[in-house]
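Raw contents of my_file.cif, mmCIF, C-alpha atoms and all ligand atoms:
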```cif
data_target
loop_
_atom_site.label_atom_id
_atom_site.label_comp_id
_atom_site.auth_asym_id
_atom_site.auth_seq_id
_atom_site.Cartn_x
_atom_site.Cartn_y
_atom_site.Cartn_z
CA SER A 269 -6.04 -13.89 -11.62
CA LYS A 270 -9.01 -14.58 -9.29
CA ILE A 271 -8.44 -15.00 -5.57
CA LYS A 272 -9.97 -18.31 -4.51
CA GLU A 273 -8.32 -18.86 -1.19
CA VAL A 274 -6.61 -16.64 1.38
CA GLU A 275 -4.85 -17.89 4.44
CA PHE A 276 -3.30 -15.81 7.23
CA VAL A 277 0.23 -17.12 7.72
CA LYS A 278 1.96 -14.98 10.33
CA SER A 279 2.70 -11.59 11.82
CA SER A 280 6.36 -10.62 11.89
CA ILE A 281 8.18 -7.97 13.84
CA ARG A 282 11.22 -7.79 11.61
CA ALA A 283 12.11 -8.71 8.06
CA LYS A 284 14.16 -11.61 9.29
CA ASP A 285 11.09 -13.06 11.02
CA CYS A 286 9.08 -13.18 7.78
CA PRO A 287 8.17 -16.59 6.35
CA ARG A 288 11.12 -18.33 4.74
CA ASP A 289 9.67 -18.99 1.35
CA THR A 290 10.42 -18.55 -2.33
CA ARG A 291 6.87 -17.67 -3.37
CA PRO A 292 6.50 -14.13 -4.70
CA GLU A 293 4.88 -11.37 -2.66
CA PHE A 294 3.34 -7.91 -2.96
CA ALA A 295 3.56 -5.46 -0.09
CA MET A 296 0.70 -3.05 0.55
CA LEU A 297 1.83 0.22 2.06
CA GLY A 298 0.20 3.59 2.72
CA ARG A 299 -0.75 6.26 5.20
CA SER A 300 -3.06 5.16 7.99
CA ASN A 301 -6.66 5.58 6.82
CA VAL A 302 -5.70 5.42 3.14
CA GLY A 303 -8.13 2.52 2.73
CA LYS A 304 -5.66 -0.36 2.89
CA SER A 305 -7.85 -2.77 4.87
CA SER A 306 -10.86 -1.94 2.71
CA LEU A 307 -8.85 -2.66 -0.43
CA ILE A 308 -7.48 -5.94 0.90
CA ASN A 309 -11.05 -6.93 1.78
CA ALA A 310 -12.25 -5.94 -1.67
CA LEU A 311 -9.47 -7.90 -3.37
CA CYS A 312 -10.00 -11.00 -1.27
CA ARG A 313 -13.75 -10.57 -0.81
CA LYS A 314 -13.15 -11.73 2.70
CA LYS A 315 -13.84 -9.51 5.67
CA GLU A 316 -11.75 -11.52 8.08
CA VAL A 317 -8.54 -11.06 6.12
CA ALA A 318 -7.87 -7.40 6.76
CA LEU A 319 -9.67 -7.62 10.08
CA THR A 320 -6.87 -9.87 11.22
CA SER A 321 -4.39 -7.10 10.51
CA LYS A 322 -6.55 -4.54 12.33
CA LYS A 323 -6.51 -6.48 15.58
CA PRO A 324 -4.82 -4.58 18.39
CA GLY A 325 -1.12 -5.25 18.32
CA LYS A 326 -1.12 -6.38 14.71
CA THR A 327 -1.20 -2.99 13.00
CA GLN A 328 2.49 -2.41 13.67
CA LEU A 329 3.50 -5.79 12.31
CA ILE A 330 4.25 -7.26 8.91
CA ASN A 331 1.26 -9.51 8.17
CA HIS A 332 1.60 -12.27 5.56
CA PHE A 333 -1.43 -13.67 3.74
CA LEU A 334 -0.96 -16.58 1.35
CA VAL A 335 -3.19 -16.38 -1.73
CA ASN A 336 -4.18 -19.48 -3.73
CA LYS A 337 -1.19 -21.22 -2.13
CA GLY A 338 0.94 -19.46 -4.73
CA TRP A 339 1.79 -15.90 -3.65
CA TYR A 340 1.55 -13.48 -0.75
CA ILE A 341 -0.19 -10.23 0.02
CA VAL A 342 1.82 -8.52 2.75
CA ASP A 343 0.05 -5.96 4.87
CA LEU A 344 2.62 -3.47 6.17
CA PRO A 345 2.08 -0.99 9.02
CA GLY A 346 0.39 2.24 7.94
CA TYR A 347 2.44 5.39 8.30
CA GLY A 348 1.68 9.00 9.09
CA HIS A 349 -1.07 8.97 11.69
CA ASP A 350 0.36 6.76 14.36
CA PRO A 351 0.98 8.87 17.49
CA ALA A 352 4.35 7.20 17.93
CA LEU A 353 5.28 8.41 14.46
CA GLN A 354 3.71 11.86 14.67
CA ARG A 355 6.91 13.41 15.90
CA PHE A 356 8.40 12.63 12.52
CA ALA A 357 5.65 14.49 10.71
CA ASN A 358 7.63 17.73 10.46
CA ALA A 359 11.10 16.27 10.55
CA PRO A 360 13.40 16.12 7.55
CA GLU A 361 12.69 13.22 5.26
CA ALA A 362 15.61 11.14 6.47
CA ALA A 363 14.43 11.28 10.06
CA ARG A 364 10.83 10.70 9.14
CA MET A 365 11.60 7.58 7.17
CA ASP A 366 13.10 6.16 10.36
CA TRP A 367 9.56 5.16 11.25
CA SER A 368 10.27 2.26 9.04
CA ALA A 369 13.55 1.21 10.58
CA PHE A 370 12.11 -2.27 10.56
CA THR A 371 9.94 -2.04 7.46
CA LYS A 372 12.98 -0.60 5.71
CA GLY A 373 14.83 -3.80 6.47
CA TYR A 374 11.95 -5.58 4.83
CA PHE A 375 12.19 -3.54 1.60
CA LEU A 376 15.94 -3.85 1.38
CA ASN A 377 16.23 -7.53 2.20
CA ARG A 378 13.12 -9.29 1.00
CA GLU A 379 14.22 -11.11 -2.12
CA THR A 380 10.77 -12.44 -3.00
CA LEU A 381 9.21 -8.95 -3.03
CA VAL A 382 7.84 -8.41 -6.54
CA ALA A 383 6.50 -4.89 -6.01
CA VAL A 384 5.25 -2.48 -3.40
CA LEU A 385 1.67 -1.41 -3.96
CA LEU A 386 1.88 2.13 -2.62
CA LEU A 387 -1.63 3.28 -1.74
CA ILE A 388 -2.37 6.95 -2.32
CA ASP A 389 -5.64 8.59 -1.26
CA ALA A 390 -7.05 10.20 -4.42
CA SER A 391 -9.58 12.21 -2.43
CA VAL A 392 -6.88 14.53 -1.05
CA PRO A 393 -4.12 16.62 -2.70
CA PRO A 394 -0.60 15.12 -2.92
CA GLN A 395 0.83 14.60 0.58
CA LYS A 396 4.50 15.20 1.24
CA ILE A 397 4.85 12.04 3.28
CA ASP A 398 3.57 9.94 0.36
CA LEU A 399 5.92 11.64 -2.09
CA ASP A 400 8.82 11.13 0.34
CA CYS A 401 7.93 7.48 0.72
CA ALA A 402 7.73 6.94 -3.03
CA ASN A 403 11.05 8.70 -3.50
CA TRP A 404 12.72 6.65 -0.81
CA LEU A 405 11.52 3.42 -2.41
CA GLY A 406 12.62 4.67 -5.82
CA ARG A 407 16.10 5.52 -4.59
CA ASN A 408 16.36 2.04 -3.14
CA ASN A 409 15.30 0.43 -6.39
CA THR A 410 12.10 -1.06 -5.04
CA PRO A 411 9.55 -1.51 -7.82
CA ILE A 412 6.34 0.42 -7.07
CA THR A 413 2.83 0.42 -8.40
CA PHE A 414 0.77 3.46 -7.38
CA VAL A 415 -2.66 2.35 -6.28
CA PHE A 416 -4.96 5.35 -5.93
CA THR A 417 -7.75 4.71 -3.43
CA LYS A 418 -11.18 6.27 -2.84
CA CYS A 419 -11.55 7.25 -6.49
CA ASP A 420 -15.32 7.24 -6.05
CA LYS A 421 -15.15 10.33 -3.84
CA MET A 422 -16.30 13.24 -5.94
CA LYS A 423 -15.53 16.45 -4.11
CA GLY A 424 -17.73 19.44 -4.76
CA GLY A 425 -16.84 23.05 -3.92
CA LYS A 426 -13.22 23.97 -3.44
CA GLY A 427 -11.85 20.44 -3.07
CA LYS A 428 -10.35 18.85 -6.15
CA ARG A 429 -11.69 15.75 -7.85
CA PRO A 430 -9.77 12.45 -7.59
CA ASP A 431 -8.56 12.67 -11.19
CA GLU A 432 -7.16 16.16 -10.51
CA ASN A 433 -5.43 14.99 -7.32
CA ILE A 434 -3.97 12.04 -9.22
CA ARG A 435 -2.70 14.34 -11.97
CA ASP A 436 -1.12 16.65 -9.36
CA PHE A 437 0.51 13.68 -7.63
CA GLN A 438 1.96 12.38 -10.86
CA GLU A 439 3.18 15.83 -11.78
CA ALA A 440 5.01 16.02 -8.44
CA MET A 441 6.48 12.55 -8.96
CA ARG A 442 7.65 13.19 -12.48
CA GLN A 443 10.64 15.23 -11.26
CA ASN A 444 12.01 12.13 -9.55
CA TYR A 445 10.68 9.35 -11.72
CA PRO A 446 11.30 10.12 -15.39
CA GLU A 447 9.67 6.78 -16.11
CA HIS A 448 6.47 6.90 -14.19
CA PRO A 449 5.66 3.68 -12.32
CA PRO A 450 2.46 1.83 -13.24
CA TRP A 451 -0.64 3.19 -11.57
CA ILE A 452 -4.20 2.01 -11.03
CA MET A 453 -7.33 3.84 -9.90
CA THR A 454 -9.40 1.93 -7.34
CA SER A 455 -12.43 2.24 -5.14
CA SER A 456 -13.34 -0.32 -2.53
CA SER A 457 -16.85 1.13 -2.47
CA THR A 458 -17.59 0.57 -6.17
CA GLY A 459 -15.07 -2.18 -6.99
CA LEU A 460 -13.34 0.07 -9.50
CA GLY A 461 -9.85 -1.21 -10.39
CA ARG A 462 -10.20 -4.49 -8.53
CA ASP A 463 -9.85 -6.74 -11.58
CA GLU A 464 -7.22 -4.48 -13.10
CA LEU A 465 -5.10 -4.70 -9.95
CA LEU A 466 -5.43 -8.50 -9.77
CA LEU A 467 -4.46 -8.80 -13.43
CA HIS A 468 -1.52 -6.43 -12.91
CA MET A 469 -0.23 -8.56 -10.04
CA SER A 470 -0.55 -11.76 -12.06
CA GLN A 471 1.40 -10.18 -14.92
CA LEU A 472 4.18 -9.06 -12.57
CA ARG A 473 4.36 -12.56 -11.04
CA ASN A 474 4.80 -14.16 -14.42
CA TYR A 475 7.67 -11.99 -15.57
P1 LIG B 1 -6.64 1.75 6.54
O1 LIG B 1 -6.36 2.45 7.83
O2 LIG B 1 -5.69 2.18 5.50
O3 LIG B 1 -6.73 0.27 6.68
O4 LIG B 1 -8.06 2.30 6.02
P2 LIG B 1 -9.52 1.68 6.08
O5 LIG B 1 -9.68 0.60 5.06
O6 LIG B 1 -9.86 1.32 7.47
O7 LIG B 1 -10.39 2.91 5.57
C1 LIG B 1 -10.30 4.18 6.21
C2 LIG B 1 -11.58 4.95 5.96
O8 LIG B 1 -11.74 5.24 4.56
C3 LIG B 1 -12.83 4.19 6.36
O9 LIG B 1 -13.76 5.13 6.91
C4 LIG B 1 -13.34 3.63 5.05
O10 LIG B 1 -14.74 3.43 5.06
C5 LIG B 1 -12.95 4.71 4.06
N1 LIG B 1 -12.71 4.13 2.71
C6 LIG B 1 -11.87 3.12 2.42
N2 LIG B 1 -11.88 2.83 1.11
C7 LIG B 1 -12.77 3.69 0.55
C8 LIG B 1 -13.23 3.90 -0.80
O11 LIG B 1 -12.84 3.22 -1.78
N3 LIG B 1 -14.13 4.90 -1.01
C9 LIG B 1 -14.60 5.66 0.01
N4 LIG B 1 -15.47 6.63 -0.29
N5 LIG B 1 -14.17 5.50 1.28
C10 LIG B 1 -13.30 4.52 1.55
#
```
What is this structure when it is put down as structure tokens?
Amino acid sequence: SKIKEVEFVKSSIRAKDCPRDTRPEFAMLGRSNVGKSSLINALCRKKEVALTSKKPGKTQLINHFLVNKGWYIVDLPGYGHDPALQRFANAPEAARMDWSAFTKGYFLNRETLVAVLLLIDASVPPQKIDLDCANWLGRNNTPITFVFTKCDKMKGGKGKRPDENIRDFQEAMRQNYPEHPPWIMTSSSTGLGRDELLLHMSQLRNY
């Protein structure tokens, strides 16, 4: 399950612009600042990979990276912090999920999508926007794996520890997902979960 080679393929504006290909892919999704680029770098051990997605103008696009010529990592636009999306922050869920009018098309139409890796920041309590996103994906039958990020961050004082935040998140999810999706704890700082996540993806590909 090692990543030997990563190649940037293209940035797409809409689902229909994505590469026409039958090779399987995993979409990485999460709030801005969740640690998505750091995780992609950690997985690929290549700085330039996620840097490509961070270039101005690319953060709002669907970025396809081909791994080992066999499968894709797809870097999707982060949600939540973008000024253009801020106005949705307090809107009802339906309106807020409009941010993804185009990413939505991707989830609903991309036949080669194996699973969405939904990144959740374990250093903060459960965020409504993340729960809403997970629920939306669940209702639309998109397979999810919860990837908790920043698990190295041990909060002292009144903040909760990552394992407590993860427990609270899963508790909140349980009402909507009787069968809890797979989940993995990661840290791009320590490398925690890196091999587990790569193995998980290889198992899903070989189903
Ligand atoms: P993105 O916006 O989702 O691509 O997030 P970035 O990868 O740019 O990370 C956002 C911030 O979180 C940066 O300041 C990172 O240094 C920090 N960060 C990312 N991953 C980790 C992690 O595993 N542990 C810690 N402690 N900080 C992290």
Exercise for the section: Have a look at A:Ser269, A:Ala383, A:Ser279, A:Asn444 and name the one nearest to A:Ile412; count all atoms listed in the file. Expected result: A:Ala383
Find the residues of chain A that sit at most 8 Å from ligand LIG 1 (chain B); for each, write down the nearest two atoms and how far apart they are in Å, to one decimal. Count all atoms listed in the file. Sort by chain, then by number going up, and give it as a tab-separated table.
```
residue	atom	partner	partner_atom	distance
A:Gly298	CA	B:LIG1	O2	6.7
A:Arg299	CA	B:LIG1	O2	6.4
A:Ser300	CA	B:LIG1	O1	4.3
A:Asn301	CA	B:LIG1	O1	3.3
A:Val302	CA	B:LIG1	O2	4.0
A:Gly303	CA	B:LIG1	O4	3.3
A:Lys304	CA	B:LIG1	O2	3.6
A:Ser305	CA	B:LIG1	O3	3.7
A:Ser306	CA	B:LIG1	O5	3.7
A:Leu307	CA	B:LIG1	O5	6.4
A:Ala318	CA	B:LIG1	O3	7.8
A:Lys322	CA	B:LIG1	O3	7.4
A:Gly346	CA	B:LIG1	O2	6.6
A:Thr417	CA	B:LIG1	O11	5.6
A:Lys418	CA	B:LIG1	O11	3.6
A:Cys419	CA	B:LIG1	O11	6.3
A:Asp420	CA	B:LIG1	N3	5.7
A:Lys421	CA	B:LIG1	N4	5.1
A:Thr454	CA	B:LIG1	O11	6.7
A:Ser455	CA	B:LIG1	O11	3.5
A:Ser456	CA	B:LIG1	O11	3.7
A:Ser457	CA	B:LIG1	O11	4.6
A:Thr458	CA	B:LIG1	O11	7.0
A:Gly459	CA	B:LIG1	O11	7.8
```
Report as an mmCIF file with C-alpha atoms, keeping the file's coordinate frame all protein, DNA and RNA residues lying within 8 Å of A:Gln328, evaluated on all atoms listed in the file, omitting residues in the same chain fewer than 4 positions from it.
```cif
data_model
loop_
_atom_site.group_PDB
_atom_site.id
_atom_site.type_symbol
_atom_site.label_atom_id
_atom_site.label_comp_id
_atom_site.auth_asym_id
_atom_site.auth_seq_id
_atom_site.Cartn_x
_atom_site.Cartn_y
_atom_site.Cartn_z
ATOM 1 C CA ILE A 281 8.180 -7.970 13.840
ATOM 2 C CA LEU A 344 2.620 -3.470 6.170
ATOM 3 C CA PRO A 345 2.080 -0.990 9.020
ATOM 4 C CA GLY A 346 0.390 2.240 7.940
#
```
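Remark: for A:Pro393, the closest of the candidate residues A:Asp343, A:Glu293, A:Glu447, A:Asp436 is A:Asp436 (distances computed over only C-alpha atoms).
Every protein or nucleic acid residue with an atom no more than 9 Å from stretch 395-411 of chain A, counting all atoms listed in the file and leaving out same-chain residues fewer than 5 positions away, appears here: A:Gly298, A:Arg299, A:Tyr347, A:Gly348, A:Ala357, A:Glu361, A:Arg364, A:Met365, A:Phe375, A:Leu376, A:Leu381, A:Val382, A:Ala383, A:Val384, A:Leu385, A:Leu386, A:Leu387, A:Ile388, A:Phe437, A:Ala440, A:Met441, A:Asn444, A:Tyr445, A:Pro449.
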Practice task
Using all atoms listed in the file, pick whichever of A:Ala390, A:Met469, A:Met422, A:Ile330 has the shortest atom-to-atom distance to A:Phe294.
Solution key: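 Under the stated criterion, the closest residue is A:Met469.
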Exercise for the section: Tell me, as a PyMOL selection string, which residues lie within 12 Å of A:Lys284, counting only C-alpha atoms; anything in the same chain fewer than 4 positions away does not count. Expected result: chain A and resi 279-280+288-289+330+370-379
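As for atom CA of A:Val392 and atom CA of A:Arg435, they are spaced 11.7 Å apart.
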